[in-house]
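Visitor: Here it is, the structure in full.
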Amino acid sequence: MERLKSAVPADLRRAVGEGTIGDLPSTTSLLLTFLDGLPLFHQVISELTDPELALCRKDKERAAELKGQGNACFSRREFQQALSFYSQALRYVPICSDGTDEILLATLYVNRASTIHKLGLLEECLRDCDRAISFSPNYAKAWYRRGMINASLKNYSSAIHDLEVALSMEATSSGKSNIEQELKLILLNHRNVNEVGRPSSDRKDAGLPYTAEPHMSVLECVSTPGKGRGMTSPNDISPASLIHVEDPLAAIILKSCRETHCHYCFSEAPADVVFCPLCTIPVYCSKKCQEQAVGGISLNQDTFIKSNSNGTDLGKLSLTSTNHKAPDSKQITEHRHECGGAHWAAVLPADIVLAGRIMAQYIDRRMLAGKNSTISGPNLDLIHHYDIDSPTNKLESHIYAIVLLLCLQKYYRSDLSWKEETLSQLVLLICQVKVNSIAIVCMKSMDEGQGRTENKGYSAAGDAVMCSVEQVRVAQAIYMSGSLLNHSCRPNVHTYFHSRTLFLRSTEYIESGRPVELSYGPQAGKMNLPERQKSLQENYKFSCRCSSCSELHLSDLVIDSFRCPQSTCLGAVSELTYSRSKENFMHVSLQESDDCKLSLPHISNVDEDTKKVGKLFFRNDLDLKIDPGYCMSCRSQLDLASAVATSDRAASKINRFKELTVIDKVSEVSVTDALQSLEQIKKLRHPYSKALAQAEDMTAEAFAKIGDQGQAEKHCEESVKILKKLYHPKHIAIAHELIKLVSIKLSMGDMASAEATFAQAEAIFSLYYGPDALRILPYIDVLKRTVSEAP
């Protein structure tokens with residue numbers, strides 16, 4: 001879109017950038033008129049919507065080519081590569097009405113099932129066999145493969161049935177002989193072994209079930225000075241209470257996770273992924289997710305494309321479209337309008353595609369209600385900050401609104417007409433999505449070392465293991481009620497997700513009428529005050545005045561600070577500028593433009609650590625300004641530039657040491673160098689600083705990888721101590737670090753200590769996730785069983 005933005009003349013760019021909400025009908029109309037006369041714009045729209053140019057169209061020749069590459073890898077026993085090629089072939093294979101491609105589909109599913117079988121993934125293999133049979137019921141090889149998998153799973157009755165069907169369909173004598181031999185072995189096993197029930201054919205039935213839990217469904221929307229609308233509860237809320245559960249109005253997967261996660265439920269994609277029947281963009285973890293996203297559409301792709309081939313005349317752009325295609329089911333789906341010969345949804349930014357999904361949902365609901373004569377746009381009761389947005393963002397929103405409207409017109413045709421205000425509504429909708437969308441994250445276990453057993457437990461025999469946890473941002477969504485909650489850098493509720501569903505759980509006692517607040521990302525202990533303020537201002541257009549941003553807290557003094565050069569002083573030396581006055585206010589700034597004004601709490605309300613770190617701030621008899629490089633307790637001076645450079649070099653060496661452990665290139669020199677670097681950081685950085693916590697954590701992970709659990713345990717414990725200063729003892733970050741420590745202790749065979757440490761972590765997880773902890777964090781269940789079953 002950069003080419004389009006640069007093509008807009010200066011006077012029109014200025015009119016858009018300086019315009020208000022009231023000017024939107026005028027500015028959108030002027031920009032639409034200009035773009036209508038711009039050949040470049042017509043080229044862009046054609047590239048996004050023309051089926052002949054689409055990168056996401058099905059391609060039988062490409063599917064056959066990928067199938068051949070998969071066969072070659074399978075012959076060489078390169079099963080992981082073969083799996084990838086077969087999956088890509090399934091992505092590209094068309095589904096037509098003449099039946100020829102159904103045969104290719106069935107063959108690919110069986111080939112992938114055979115590959116998955118070789119990789120030991122039996123249930124995934126079984127599902128692929130089911131899919132092959134659904135497309136080609138007379139395919140003997142599919143019945144045979146499913147029979148063998150059922151036998152491996154001890155589903156002997158099903159195995160016998162499948163092999164008998166395969167035998168009746170097999171045309172060759174050698175094939176019949178082979179099936180008969182397998183049947184004899186299975187019949188023998190059937191008599192001697194108890195049968196196990198057949199697993200569900202749909203992955204969505206697997207995993208820990210959701211246990212219904214009473215929750216407070218009543219949250220009141222109130223308006224407060226300075227914060228606007230927010231949520232409170234009419235009742236007191238106890239810690240760990242589930243207070244809100246909500247499904248999204250609309251959601252979209254992020255581009256970074258398109259190949260690794262299901263595009264509907266956002267769980268990690270299994271080996272047997274399924275694809276959209278009409279385009280090559282999405283992947284789904286199951287048929288159920290595919291149907292929920294795409295709907296009950298015809299599998300005849302040719303018919304679908306032909307029925308949508310009478311495109312809008314791009315030579316005469318208009319807000320009125322004809323030849324509308326009504327949805328063919330009562331279900332409102334989120335992907336159907338994005339496929340069928342176009343790839344705009346794969347190219348445009350995720351928040352623009354999300355706005356398109358909300359718009360499409362609005363249109364479909366109006367059509368189902370018989371209100372399809374004119375379309376304006378959804379009137380979401382959400383903030384948008386359009387008037388205070390930057391000129392660059394306003395122009396970008398205008399251009400994307402016009403592009404999105406034409407992409408939607410490519411799908412919605414017939415007698416459907418679009419009001420002149422539609423573009424204005426789309427601009428505001430895009431702004432609302434940017435401000436109100438919530439990131440959907442999932443927790444991923446990253447197990448270091450080789451101490452895992454077949455049941456994914458942890459060895460207690462001395463193998464080096466460290467279970468670390470990564471928070472992965474997978475998708476973004478609009479939650480109508482969830483978006484009304486205000487932000488706090490010390491939130492009193494924790495946000496987590498199961499599939500697309502948002503859960504809010506209290507992490508402390510909340511009195512009735514007190515604001516219920518979550519974190520928009522920035523948190524005290526994770527970011528310093530100026531960084532939090534800058535992030536919230538840039539992304540959400542407000543200056544935070546939560547408790548952590550209006551009072552002086554220990555974490556803000558020490559998070560990025562250095563140690564006082566006087567060894568007996570615990571004071572912090574900061575890169576920031578701190579100043580205060582007798583009026584009991586303090587300014588913190590990184591640059592002159594980043595000033596944050598805070599009211600200081602009375603000294604009696606400050607803990608002893610905070611007094612020691614910055615005691616000069618709590619004297620009431622002077623105005624004070626401490627420039628970067630001066631201790632906040634005794635005003636000793638540090639050569640800050642030298643300290644920063646030395647600390648950064650030392651951190652790089654520790655990181656390099658960690659990288660060497662991954663490729664098994666560690667030497668005595670690199671170990672010594674890393675430990676010396678850590679000592680340098682300890683001498684320079686404040687003992688409660690985030691940089692020191694990260695250095696200790698990296699060192700612990702590196703030693704765990706090379707099998708020195710004693711050193712790993714020592715440095716992991718040091719990291720935990722620092723995190724308790726930066727956050728608070730019951731913060732979720734502490735629990736995740738404790739889990740690392742548990743896995744190290746298990747590797748050392750220290751069962752008693754591992755059990756005690758796990759109990760600390762479990763108590764925090766219960767506070768943040770309640771009974772959902774094991775469902776949301778399955779690796780915790782693994783560790784729990786390992787600890788409880790240890791001798």
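Following the order of the structure tokens, first chain is A, next is B, and so on, with residues numbered from 1 inside each chain and ligands from 1 in the order they appear.
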Quick one: everything within 7 Å of Ser548 in chain A, counting only C-alpha atoms, minus sequence neighbours fewer than 2 positions away in the same chain. Send it as a PyMOL selection string.

Guide: chain A and resi 489-490+524+546+550-551+553

Visitor: Residues as selected, all heavy atoms, written as an mmCIF file, in the first residue's frame, can you do that?

Guide:
data_model
loop_
_atom_site.group_PDB
_atom_site.id
_atom_site.type_symbol
_atom_site.label_atom_id
_atom_site.label_comp_id
_atom_site.auth_asym_id
_atom_site.auth_seq_id
_atom_site.Cartn_x
_atom_site.Cartn_y
_atom_site.Cartn_z
ATOM 1 N N CYS A 489 -1.173 -1.375 34.924
ATOM 2 C CA CYS A 489 0.159 -1.987 34.863
ATOM 3 C C CYS A 489 0.362 -2.960 36.017
ATOM 4 O O CYS A 489 1.358 -3.688 36.041
ATOM 5 C CB CYS A 489 1.242 -0.914 34.885
ATOM 6 S SG CYS A 489 1.218 0.149 33.419
ATOM 7 N N ARG A 490 -0.556 -2.974 36.968
ATOM 8 C CA ARG A 490 -0.658 -4.015 38.000
ATOM 9 C C ARG A 490 -2.093 -4.509 37.997
ATOM 10 O O ARG A 490 -2.895 -4.138 38.847
ATOM 11 C CB ARG A 490 -0.291 -3.452 39.379
ATOM 12 C CG ARG A 490 1.116 -3.794 39.798
ATOM 13 C CD ARG A 490 1.442 -3.213 41.143
ATOM 14 N NE ARG A 490 2.821 -2.818 41.208
ATOM 15 C CZ ARG A 490 3.825 -3.648 41.510
ATOM 16 N NH1 ARG A 490 3.577 -4.898 41.801
ATOM 17 N NH2 ARG A 490 5.064 -3.215 41.518
ATOM 18 N N ALA A 524 4.190 -3.474 35.248
ATOM 19 C CA ALA A 524 5.281 -3.129 36.147
ATOM 20 C C ALA A 524 6.104 -4.379 36.413
ATOM 21 O O ALA A 524 5.556 -5.451 36.674
ATOM 22 C CB ALA A 524 4.721 -2.576 37.459
ATOM 23 N N CYS A 546 -2.624 4.381 36.380
ATOM 24 C CA CYS A 546 -2.940 3.291 37.305
ATOM 25 C C CYS A 546 -2.069 3.432 38.558
ATOM 26 O O CYS A 546 -1.205 4.306 38.641
ATOM 27 C CB CYS A 546 -2.716 1.936 36.639
ATOM 28 S SG CYS A 546 -0.966 1.521 36.339
ATOM 29 N N SER A 550 1.282 5.951 39.147
ATOM 30 C CA SER A 550 1.054 7.175 39.916
ATOM 31 C C SER A 550 1.732 7.123 41.281
ATOM 32 O O SER A 550 1.649 8.074 42.055
ATOM 33 C CB SER A 550 -0.448 7.415 40.106
ATOM 34 O OG SER A 550 -1.058 6.308 40.730
ATOM 35 N N GLU A 551 2.387 6.019 41.593
ATOM 36 C CA GLU A 551 3.156 5.895 42.826
ATOM 37 C C GLU A 551 4.519 5.312 42.485
ATOM 38 O O GLU A 551 4.684 4.628 41.476
ATOM 39 C CB GLU A 551 2.441 4.986 43.833
ATOM 40 C CG GLU A 551 1.106 5.534 44.310
ATOM 41 C CD GLU A 551 0.426 4.603 45.303
ATOM 42 O OE1 GLU A 551 0.978 3.516 45.560
ATOM 43 O OE2 GLU A 551 -0.634 4.977 45.819
ATOM 44 N N HIS A 553 7.324 2.744 42.718
ATOM 45 C CA HIS A 553 7.478 1.342 43.085
ATOM 46 C C HIS A 553 8.928 0.913 42.886
ATOM 47 O O HIS A 553 9.650 1.459 42.048
ATOM 48 C CB HIS A 553 6.555 0.460 42.243
ATOM 49 C CG HIS A 553 5.117 0.571 42.626
ATOM 50 N ND1 HIS A 553 4.530 -0.201 43.588
ATOM 51 C CD2 HIS A 553 4.142 1.402 42.170
ATOM 52 C CE1 HIS A 553 3.251 0.127 43.713
ATOM 53 N NE2 HIS A 553 3.000 1.097 42.861
#

Visitor: Show me, as a list in words, the residues that have an atom within 9 Å of range 662-670 of chain A when counting only C-alpha atoms, minus same-chain residues fewer than 3 positions from it.

Guide: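 Final neighbour list, sorted by chain and number: Lys653, Ile654, Arg656, Phe657, Lys658, Glu659, Asp673, Ala674, Leu675, Ala702, Lys705 and Ile706 of chain A.
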
Visitor: With only C-alpha atoms as the atoms that count, which of A:Tyr412, A:Tyr362, A:Phe503, A:Trp418 lies nearest to Tyr768 in chain A?

Guide: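 Among the listed residues, the smallest separation from Tyr768 in chain A belongs to A:Phe503.
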
Visitor: Pick out the residues sitting within 12 Å of Ser599 in chain A, and hand them over as an MDAnalysis selection string; count only C-alpha atoms, and ignore anything fewer than 3 positions along from it in its own chain.

Guide: chainID A and resid 545:553 579:588 596 602 617:618

Visitor: Mind dumping the selected residues with N, CA and C atoms as an mmCIF file, in the first residue's frame?

Guide:
data_model
loop_
_atom_site.group_PDB
_atom_site.id
_atom_site.type_symbol
_atom_site.label_atom_id
_atom_site.label_comp_id
_atom_site.auth_asym_id
_atom_site.auth_seq_id
_atom_site.Cartn_x
_atom_site.Cartn_y
_atom_site.Cartn_z
ATOM 1 N N ARG A 545 -2.616 6.137 34.297
ATOM 2 C CA ARG A 545 -2.578 6.679 35.654
ATOM 3 C C ARG A 545 -3.003 5.604 36.649
ATOM 4 N N CYS A 546 -2.624 4.381 36.380
ATOM 5 C CA CYS A 546 -2.940 3.291 37.305
ATOM 6 C C CYS A 546 -2.069 3.432 38.558
ATOM 7 N N SER A 547 -2.266 2.555 39.536
ATOM 8 C CA SER A 547 -1.525 2.660 40.799
ATOM 9 C C SER A 547 -0.022 2.550 40.573
ATOM 10 N N SER A 548 0.392 1.726 39.613
ATOM 11 C CA SER A 548 1.819 1.557 39.359
ATOM 12 C C SER A 548 2.429 2.736 38.633
ATOM 13 N N CYS A 549 1.598 3.527 37.974
ATOM 14 C CA CYS A 549 2.100 4.680 37.229
ATOM 15 C C CYS A 549 1.893 5.988 37.977
ATOM 16 N N SER A 550 1.282 5.951 39.147
ATOM 17 C CA SER A 550 1.054 7.175 39.916
ATOM 18 C C SER A 550 1.732 7.123 41.281
ATOM 19 N N GLU A 551 2.387 6.019 41.593
ATOM 20 C CA GLU A 551 3.156 5.895 42.826
ATOM 21 C C GLU A 551 4.519 5.312 42.485
ATOM 22 N N LEU A 552 5.481 5.575 43.331
ATOM 23 C CA LEU A 552 6.833 5.089 43.107
ATOM 24 C C LEU A 552 6.961 3.660 43.610
ATOM 25 N N HIS A 553 7.324 2.744 42.718
ATOM 26 C CA HIS A 553 7.478 1.342 43.085
ATOM 27 C C HIS A 553 8.928 0.913 42.886
ATOM 28 N N SER A 579 13.481 13.493 38.920
ATOM 29 C CA SER A 579 13.460 14.775 39.631
ATOM 30 C C SER A 579 12.198 14.865 40.473
ATOM 31 N N ARG A 580 12.306 15.552 41.614
ATOM 32 C CA ARG A 580 11.136 15.728 42.470
ATOM 33 C C ARG A 580 11.188 17.118 43.106
ATOM 34 N N SER A 581 10.070 17.537 43.632
ATOM 35 C CA SER A 581 9.982 18.855 44.251
ATOM 36 C C SER A 581 9.310 18.740 45.612
ATOM 37 N N LYS A 582 9.310 19.848 46.326
ATOM 38 C CA LYS A 582 8.702 19.857 47.657
ATOM 39 C C LYS A 582 7.201 19.644 47.606
ATOM 40 N N GLU A 583 6.621 19.845 46.447
ATOM 41 C CA GLU A 583 5.167 19.652 46.306
ATOM 42 C C GLU A 583 4.807 18.168 46.264
ATOM 43 N N ASN A 584 5.812 17.293 46.460
ATOM 44 C CA ASN A 584 5.565 15.850 46.557
ATOM 45 C C ASN A 584 5.180 15.236 45.221
ATOM 46 N N PHE A 585 5.757 15.762 44.132
ATOM 47 C CA PHE A 585 5.579 15.147 42.826
ATOM 48 C C PHE A 585 6.947 14.770 42.272
ATOM 49 N N MET A 586 6.953 13.800 41.389
ATOM 50 C CA MET A 586 8.211 13.379 40.798
ATOM 51 C C MET A 586 8.054 13.259 39.294
ATOM 52 N N HIS A 587 9.098 13.626 38.552
ATOM 53 C CA HIS A 587 9.157 13.449 37.110
ATOM 54 C C HIS A 587 10.183 12.363 36.795
ATOM 55 N N VAL A 588 9.823 11.484 35.875
ATOM 56 C CA VAL A 588 10.767 10.490 35.365
ATOM 57 C C VAL A 588 10.798 10.643 33.858
ATOM 58 N N CYS A 596 7.131 11.707 32.674
ATOM 59 C CA CYS A 596 6.005 11.110 33.375
ATOM 60 C C CYS A 596 5.946 11.745 34.760
ATOM 61 N N HIS A 602 3.454 8.606 50.695
ATOM 62 C CA HIS A 602 4.122 8.989 51.933
ATOM 63 C C HIS A 602 5.167 7.947 52.272
ATOM 64 N N PHE A 617 14.624 10.360 47.610
ATOM 65 C CA PHE A 617 13.310 10.802 47.130
ATOM 66 C C PHE A 617 12.311 10.966 48.261
ATOM 67 N N PHE A 618 12.616 10.416 49.426
ATOM 68 C CA PHE A 618 11.641 10.447 50.517
ATOM 69 C C PHE A 618 12.004 11.479 51.583
#

Visitor: By how many Å are CA of Ser689 in chain A and CA of Gly521 in chain A apart?

Guide: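 Separation between CA of Ser689 in chain A and CA of Gly521 in chain A: 19.9 Å.
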
Visitor: Between CA of Asp750 in chain A and CA of Cys716 in chain A, what distance in Å does the model show, to one decimal?

Guide: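 So the two atoms, CA of Asp750 in chain A and CA of Cys716 in chain A, lie 15.1 Å apart.
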
Visitor: Can you tell me which residues surround Leu536 in chain A at a distance of at most 9 Å, considering only C-alpha atoms, apart from same-chain residues fewer than 5 positions away, and format the answer as a VMD selection string?

Guide: chain A and resid 520 to 522 531 541 to 544

Visitor: Residues of the last selection are to be written out with C-alpha atoms, as a short mmCIF file (atom, residue, chain, number, x, y, z; two decimals), in the first residue's frame.

Guide:
data_model
loop_
_atom_site.label_atom_id
_atom_site.label_comp_id
_atom_site.auth_asym_id
_atom_site.auth_seq_id
_atom_site.Cartn_x
_atom_site.Cartn_y
_atom_site.Cartn_z
CA TYR A 520 -2.97 -4.45 27.66
CA GLY A 521 0.62 -5.71 27.59
CA PRO A 522 2.82 -3.32 29.60
CA GLU A 531 8.39 2.48 28.23
CA LYS A 541 -3.86 6.80 22.85
CA PHE A 542 -3.96 7.32 26.62
CA SER A 543 -1.59 8.20 29.44
CA CYS A 544 -1.77 5.54 32.12
#

Visitor: Once you count only C-alpha atoms, what closest atom pair and distance in Å to one decimal does each residue of range 499-611 of chain A within 12 Å of range 264-271 of chain A have, with rows by chain and rising residue number, as a Markdown table?

Guide:
| residue | atom | partner | partner_atom | distance |
| --- | --- | --- | --- | --- |
| A:Ser499 | CA | A:Cys265 | CA | 4.7 |
| A:Arg500 | CA | A:Cys265 | CA | 5.6 |
| A:Thr501 | CA | A:Cys265 | CA | 9.0 |

Visitor: So which bits of range 39-110 of chain A end up helix (DSSP H, G or I) when you DSSP the backbone, as a PyMOL selection string?

Guide: chain A and resi 39-49+51-53+60-75+79-92+100-110

Visitor: Taking only C-alpha atoms into account, which of A:Arg131, A:Arg366, A:Lys725, A:Lys227 comes nearest Val273 in chain A?

Guide: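 Using only C-alpha atoms, the shortest distance to Val273 in chain A belongs to A:Arg131.
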
Visitor: If you measure from CA of Leu726 in chain A to CA of Glu517 in chain A, what distance in Å do you get, rounded to one decimal?

Guide: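 Rounded to one decimal, the two atoms are 20.1 Å apart.
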
Visitor: Give me, as a PyMOL selection string, all polymer residues having an atom no more than 12 Å from range 751-756 of chain A, counting only C-alpha atoms and skipping those fewer than 2 positions away in the same chain.

Guide: chain A and resi 458-461+713+738-749+758-763+783-791

Visitor: Just the residues within 12 Å of Leu53 in chain A, please, counting only C-alpha atoms, with nothing from its chain fewer than 3 positions along; format it as a list of chain:residue names.

Guide: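 Non-adjacent residues within range: A:Gln43, A:Val44, A:Ile45, A:Ser46, A:Glu47, A:Leu48, A:Thr49, A:Asp50, A:Cys56, A:Arg57, A:Gly341, A:Ala342, A:His343, A:Trp344.
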
Visitor: Could you name the residues that touch range 399-401 of chain A at 9 Å or less, counting only C-alpha atoms, but leaving out those on the same chain fewer than 4 positions away, as a ChimeraX atom specification?

Guide: /A:1,4-5,28,31-32,348,352,394-395,405-406,423-427,429-430

Visitor: Could you check which of A:Asp364, A:Glu338, A:Asp639, A:Glu717 is closest to Ile281 in chain A, using only C-alpha atoms?

Guide: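 That would be A:Glu338, the residue with the smallest distance to Ile281 in chain A.
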